[in-house]
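Participant: Let me begin by handing over the structure; questions about it come next.
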Amino acid sequence: MFRLALFGVAVGLAVLTIRAVASPWWLLVPVALFIPLLQRHDRVIRARRDAARLISFYDRGLARIEDRWAGTGETGDRFRQDEHLYADDLDLFGDASLFQLLSQARTRAGEEALAAWLKHPAAAETIQRRHVAIDELRGALDLREALSLAGTEIRAGVHPDELLAWTTSPGVVAGTSRRLLIIAMTVALPTLLALAWVGSSMTLVIVAALARLVYQHIDGERIEAALRHADTAAHELDVLRPALDRLEREAFVSAPLRDLQDTLRRDGRRAGTAIRTLGRYAEMHDWTHNIVFMPIAAVLMWDSHVSWAVERWRAANGVHVAEWLRVVGEFEALSSLAAYAYEHPDDPFPRIAVGRAAADIPPVFIAQALGHPLLPSSQMVRNDLCLDASTRLIVVSGSNMSGKSTFLRSVGINAVLALAGAPVRAASLTVSVVTPGATLRIQDSLQQGRSRFFAEITRIRQLADLSRSSPVLFLLDELFHGTNSHDRLVGATGVLKDLLDRGAIGLITTHDLALTAITRDLGARATNMHFEDSFDGIDLHFDYRIKPGPVTRSNAIALMRAVGLDVRENPS
């Protein structure tokens, strides 16, 4: 409004000046005031934009706290792999997934780091280091808020593959002969033009112009292409610079965060400073597009010298670009887990069972009040679980819809959180470093010509092979339900005995009461537990609480009748 009013004053003064009522010098007053108003207006616009971004930042946090987060944020669909041992089974990626709940990353590197942590269990030492870093970051709300503003344009602006390809591509002006030619041309062209000016010789001007044209024909296109790629790299790195600057300035306490910070200050140079230098080279290249400076640049071989400077920058800093991206990605992954820890203060860090060597650590998964983090708190039911050296297998039986599969998913997804370094949805959890594997969402494939049963036994074979070299936590839903009861019992007994003999621990579910007898063949290492329901003649009711022993009845007939099917015990 002030600008509009000032513009009106300027128009009035202009009219008075035209009519010779006022001096033209009075027009300098609104012009002088208009410039700071422009600057002020720009600051107001930026502040308003930042405020809107902060509102979005906090709205998302409140949505996560209030269990309204599903369907918002990045889904991580590009990280899905059908052949992964547990990613699809445990809802790691996709809409309403664990990735969507956790991720606050604004770079592809950050999303890739978080996805890798969810898909690949970390070593015990790495998990403990992440605990320390997350514990420091969880209370650093101002830092996470600042990074959400600093990195607003990152997602659209940074393409790591192209950026890293540029840092490793061969140079354009790296050869000594080419550099000597550039130096010689830089001396020769101004000299020829100076002599032409003194001697009024058009011939020398023509010679200089021809020499420049010949050089442009030989090297001009390559140098222009190289500078164009450098401009793109400078822009993409400049998008990262605010986040890098903030990370470099922060006074971290924990060793893991200081180590990340030191990576940005390698060889006595800060990443932010180096990026600013490359940005200045990009600006110097832009000058050559100015119609006034263009002829001067041509005489001084400006683009050639700038490309030479870019090559020196790339030689000194190109090897560090991958590390800068890694640091930003790792920090964003830590920040995502820290935000989850901040928003869920009742979720503790798990205790990671460790020993002098991996062979000294029997696989364990001991949880109290274990819940599913993707379920709203109002719907989530918590259960206890103990898998250790004495109880290696739990056969979970129960009727349809009683909670068997959800319980397996709760175990699996909390194992994923624990082994990524995140807090878990439990009162307490002790877990060793294991590799989860599940058959909760095994599907048939028309394109690949395989049945659901074949896909299931292929996955179990992968788990059996893996158990030879590392501890496995298996979660097998409705084991071998695609075959007859006899083959199912025989096959399940053999497979589970083999897995237990190799040190694996896990759970299987079944609604086939005959399969609960498998615990007799496996001895003390296996036990039965179950979920139950009640039917009041109209509705089925579930409490979703796990109880000892096998289930004693099924609800399939009751369910059929509940939906209106005419099912009789003795049809005639």
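In the structure tokens, chains take the letters A, B, ... in the order shown, each chain's residues start at 1, and ligands count up from 1 in the order shown.
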Can you pull out the residues contacting Glu332 of chain A? Cut-off 10 Å, using only C-alpha atoms, and skip same-chain residues under 3 positions away; I want them as a CSV table (one decimal) with N, CA and C atoms, in the first residue's frame.

Facilitator:
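And here is the file that came out, result_27.csv:
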chain,number,residue,atom,x,y,z
A,103,SER,N,9.3,-40.1,7.2
A,103,SER,CA,10.2,-39.3,6.4
A,103,SER,C,9.9,-37.8,6.4
A,104,GLN,N,10.9,-37.1,6.8
A,104,GLN,CA,10.9,-35.6,6.6
A,104,GLN,C,12.0,-35.1,5.7
A,105,ALA,N,12.6,-36.1,5.0
A,105,ALA,CA,13.7,-35.7,4.1
A,105,ALA,C,13.2,-34.9,2.9
A,106,ARG,N,14.1,-33.9,2.6
A,106,ARG,CA,13.8,-33.0,1.4
A,106,ARG,C,14.7,-33.3,0.2
A,107,THR,N,15.7,-34.2,0.4
A,107,THR,CA,16.5,-34.5,-0.7
A,107,THR,C,16.3,-36.0,-1.1
A,109,ALA,N,18.8,-37.9,-1.6
A,109,ALA,CA,19.8,-38.6,-0.8
A,109,ALA,C,19.2,-38.9,0.6
A,110,GLY,N,18.4,-38.0,1.2
A,110,GLY,CA,17.8,-38.3,2.5
A,110,GLY,C,16.8,-39.4,2.4
A,111,GLU,N,16.0,-39.4,1.4
A,111,GLU,CA,15.0,-40.4,1.2
A,111,GLU,C,15.7,-41.8,1.0
A,113,ALA,N,18.7,-42.7,2.1
A,113,ALA,CA,19.3,-43.1,3.3
A,113,ALA,C,18.3,-43.7,4.2
A,114,LEU,N,17.1,-43.1,4.4
A,114,LEU,CA,16.1,-43.6,5.3
A,114,LEU,C,15.6,-44.9,4.8
A,144,ARG,N,15.6,-28.4,13.3
A,144,ARG,CA,14.8,-29.1,12.4
A,144,ARG,C,13.9,-28.1,11.6
A,147,LEU,N,16.0,-26.2,9.1
A,147,LEU,CA,16.3,-27.0,7.9
A,147,LEU,C,15.1,-27.2,7.0
A,326,ARG,N,26.0,-37.5,0.9
A,326,ARG,CA,25.8,-38.5,1.9
A,326,ARG,C,25.5,-37.9,3.3
A,327,VAL,N,26.3,-36.9,3.6
A,327,VAL,CA,26.1,-36.3,4.9
A,327,VAL,C,24.7,-35.7,5.1
A,328,VAL,N,24.3,-34.9,4.0
A,328,VAL,CA,22.9,-34.3,4.0
A,328,VAL,C,21.9,-35.5,4.1
A,329,GLY,N,22.1,-36.5,3.4
A,329,GLY,CA,21.1,-37.6,3.4
A,329,GLY,C,21.1,-38.3,4.7
A,335,SER,N,17.3,-36.9,11.3
A,335,SER,CA,16.3,-35.9,11.7
A,335,SER,C,14.9,-36.4,11.6
A,336,SER,N,14.6,-37.3,10.6
A,336,SER,CA,13.3,-37.9,10.5
A,336,SER,C,13.0,-38.8,11.7
A,337,LEU,N,14.0,-39.6,12.1
A,337,LEU,CA,13.8,-40.5,13.2
A,337,LEU,C,13.7,-39.7,14.5
A,338,ALA,N,14.5,-38.6,14.6
A,338,ALA,CA,14.4,-37.7,15.8
A,338,ALA,C,13.1,-37.0,15.9

Participant: I want to know what sits within 10 Å of Cys386 of chain A, based on only C-alpha atoms, with residues of the same chain fewer than 6 positions away left out; could you give that as a PyMOL selection string?

Facilitator: chain A and resi 364-368+392-394+429-430

Participant: Using only C-alpha atoms, find the one residue out of A:Leu300, A:Leu374, A:Val395, A:Met401 that sits nearest to Thr509 of chain A.

Facilitator: A:Val395

Participant: Which parts of segment 375-520 of chain A does DSSP call helix (DSSP H, G or I) when run on the backbone here, written out as a short mmCIF file (atom, residue, chain, number, x, y, z; two decimals) with C-alpha atoms, in the first residue's frame?

Facilitator:
data_model
loop_
_atom_site.label_atom_id
_atom_site.label_comp_id
_atom_site.auth_asym_id
_atom_site.auth_seq_id
_atom_site.Cartn_x
_atom_site.Cartn_y
_atom_site.Cartn_z
CA LYS A 404 -2.94 -62.92 14.01
CA SER A 405 -1.51 -61.14 10.95
CA THR A 406 -1.56 -57.73 12.65
CA PHE A 407 0.41 -59.21 15.55
CA LEU A 408 3.04 -60.54 13.14
CA ARG A 409 3.23 -57.15 11.46
CA SER A 410 3.64 -55.48 14.85
CA VAL A 411 6.59 -57.72 15.62
CA GLY A 412 8.16 -57.19 12.21
CA ILE A 413 7.73 -53.43 11.92
CA ASN A 414 9.08 -52.86 15.43
CA ALA A 415 12.06 -55.02 14.55
CA VAL A 416 12.61 -52.80 11.50
CA LEU A 417 12.40 -49.64 13.65
CA ALA A 418 14.75 -51.09 16.25
CA LEU A 419 17.34 -52.20 13.72
CA ALA A 420 17.20 -48.83 11.94
CA ARG A 452 0.97 -68.13 -4.41
CA PHE A 453 2.22 -71.43 -2.95
CA PHE A 454 5.30 -71.39 -5.18
CA ALA A 455 6.03 -67.76 -4.25
CA GLU A 456 5.70 -68.70 -0.56
CA ILE A 457 8.07 -71.66 -0.66
CA THR A 458 10.57 -69.58 -2.69
CA ARG A 459 10.57 -66.91 0.03
CA ILE A 460 10.98 -69.54 2.76
CA ARG A 461 13.88 -71.05 0.82
CA GLN A 462 15.53 -67.61 0.79
CA LEU A 463 15.10 -67.37 4.56
CA ALA A 464 16.52 -70.85 5.06
CA ASP A 465 19.57 -69.99 2.95
CA LEU A 466 20.03 -66.71 4.83
CA SER A 467 19.81 -68.44 8.21
CA SER A 485 -3.59 -80.58 5.55
CA HIS A 486 -1.26 -83.62 5.55
CA ASP A 487 1.38 -82.07 3.30
CA ARG A 488 1.03 -78.83 5.21
CA LEU A 489 1.84 -80.46 8.56
CA VAL A 490 4.73 -82.52 7.22
CA GLY A 491 6.21 -79.62 5.27
CA ALA A 492 5.84 -77.11 8.07
CA THR A 493 7.46 -79.47 10.59
CA GLY A 494 10.47 -80.02 8.37
CA VAL A 495 10.94 -76.38 7.41
CA LEU A 496 10.55 -75.05 10.94
CA LYS A 497 12.87 -77.66 12.44
CA ASP A 498 15.50 -76.69 9.87
CA LEU A 499 15.13 -72.97 10.65
CA LEU A 500 15.30 -73.54 14.42
CA ASP A 501 18.33 -75.82 14.07
CA LEU A 513 -6.22 -76.38 14.30
CA ALA A 514 -4.32 -79.48 13.11
CA LEU A 515 -1.17 -77.40 12.59
CA THR A 516 -0.99 -76.50 16.29
CA ALA A 517 0.18 -80.06 16.89
CA ILE A 518 3.50 -79.13 15.32
CA THR A 519 4.81 -78.01 18.70
CA ARG A 520 4.86 -81.64 19.88
#

Participant: Could you list, as a tab-separated table (two decimals) with N, CA and C atoms, in the first residue's frame, every residue within 12 Å of Ser56 of chain A, counting only C-alpha atoms and ignoring same-chain residues fewer than 4 positions away?

Facilitator:
chain	number	residue	atom	x	y	z
A	49	ARG	N	6.14	-16.26	3.00
A	49	ARG	CA	6.35	-17.59	2.43
A	49	ARG	C	6.92	-18.54	3.47
A	50	ASP	N	7.90	-18.05	4.25
A	50	ASP	CA	8.49	-18.88	5.30
A	50	ASP	C	7.46	-19.24	6.36
A	51	ALA	N	6.59	-18.27	6.70
A	51	ALA	CA	5.56	-18.55	7.70
A	51	ALA	C	4.61	-19.64	7.20
A	52	ALA	N	4.26	-19.59	5.92
A	52	ALA	CA	3.38	-20.62	5.35
A	52	ALA	C	4.06	-21.98	5.40
A	60	ARG	N	2.01	-30.86	9.74
A	60	ARG	CA	2.35	-32.27	9.52
A	60	ARG	C	2.72	-32.96	10.83
A	61	GLY	N	3.45	-32.22	11.69
A	61	GLY	CA	3.81	-32.79	12.98
A	61	GLY	C	2.58	-33.07	13.83
A	62	LEU	N	1.64	-32.14	13.85
A	62	LEU	CA	0.40	-32.34	14.60
A	62	LEU	C	-0.41	-33.49	14.01
A	63	ALA	N	-0.40	-33.61	12.69
A	63	ALA	CA	-1.14	-34.71	12.05
A	63	ALA	C	-0.56	-36.05	12.46
A	72	THR	N	-0.49	-38.38	3.55
A	72	THR	CA	0.27	-37.13	3.36
A	72	THR	C	1.75	-37.45	3.36
A	73	GLY	N	2.51	-36.69	2.60
A	73	GLY	CA	3.95	-36.90	2.56
A	73	GLY	C	4.37	-37.91	1.50
A	104	GLN	N	10.91	-37.05	6.77
A	104	GLN	CA	10.86	-35.60	6.62
A	104	GLN	C	11.98	-35.13	5.72
A	145	GLU	N	13.38	-27.12	12.37
A	145	GLU	CA	12.53	-26.10	11.76
A	145	GLU	C	13.32	-25.29	10.72
A	148	SER	N	13.93	-27.22	7.61
A	148	SER	CA	12.73	-27.36	6.78
A	148	SER	C	12.55	-26.13	5.90
A	149	LEU	N	13.03	-24.96	6.36
A	149	LEU	CA	12.97	-23.75	5.53
A	149	LEU	C	14.13	-23.71	4.55
A	152	THR	N	13.65	-25.97	1.34
A	152	THR	CA	12.33	-25.99	0.72
A	152	THR	C	12.38	-26.35	-0.76

Participant: What's around Ile352 of chain A at 7 Å? Count only C-alpha atoms, leave out sequence neighbours fewer than 3 positions away in its own chain, and write the answer as a list in words.

Facilitator: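 Listing them by chain and then by number gives Ala124, Thr430, Val431 and Ser432 of chain A.
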
Participant: Quick one: residues within 7 Å of Ile508 of chain A, only C-alpha atoms counted, chain neighbours fewer than 5 positions away excluded, as a ChimeraX atom specification?

Facilitator: /A:394-396,475-479

Participant: Would you mind exporting the chosen residues as a CSV table (one decimal), in the first residue's frame, restricted to N, CA and C atoms?

Facilitator:
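Output contents, as saved in part.csv:
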chain,number,residue,atom,x,y,z
A,394,ILE,N,6.8,-69.5,18.1
A,394,ILE,CA,5.5,-69.4,18.7
A,394,ILE,C,4.5,-69.7,17.5
A,395,VAL,N,3.6,-70.7,17.7
A,395,VAL,CA,2.6,-71.0,16.7
A,395,VAL,C,1.3,-70.2,17.2
A,396,VAL,N,0.9,-69.2,16.4
A,396,VAL,CA,-0.2,-68.4,16.7
A,396,VAL,C,-1.4,-68.8,16.0
A,475,LEU,N,8.6,-64.5,10.0
A,475,LEU,CA,7.2,-64.2,10.3
A,475,LEU,C,6.3,-64.8,9.2
A,476,LEU,N,5.8,-66.0,9.4
A,476,LEU,CA,5.2,-66.8,8.3
A,476,LEU,C,3.7,-66.8,8.6
A,477,ASP,N,2.9,-66.2,7.7
A,477,ASP,CA,1.5,-66.1,7.9
A,477,ASP,C,0.7,-67.2,7.2
A,478,GLU,N,-0.1,-67.9,7.9
A,478,GLU,CA,-0.9,-69.0,7.3
A,478,GLU,C,0.0,-70.0,6.5
A,479,LEU,N,1.0,-70.5,7.2
A,479,LEU,CA,2.1,-71.3,6.6
A,479,LEU,C,1.5,-72.5,5.7
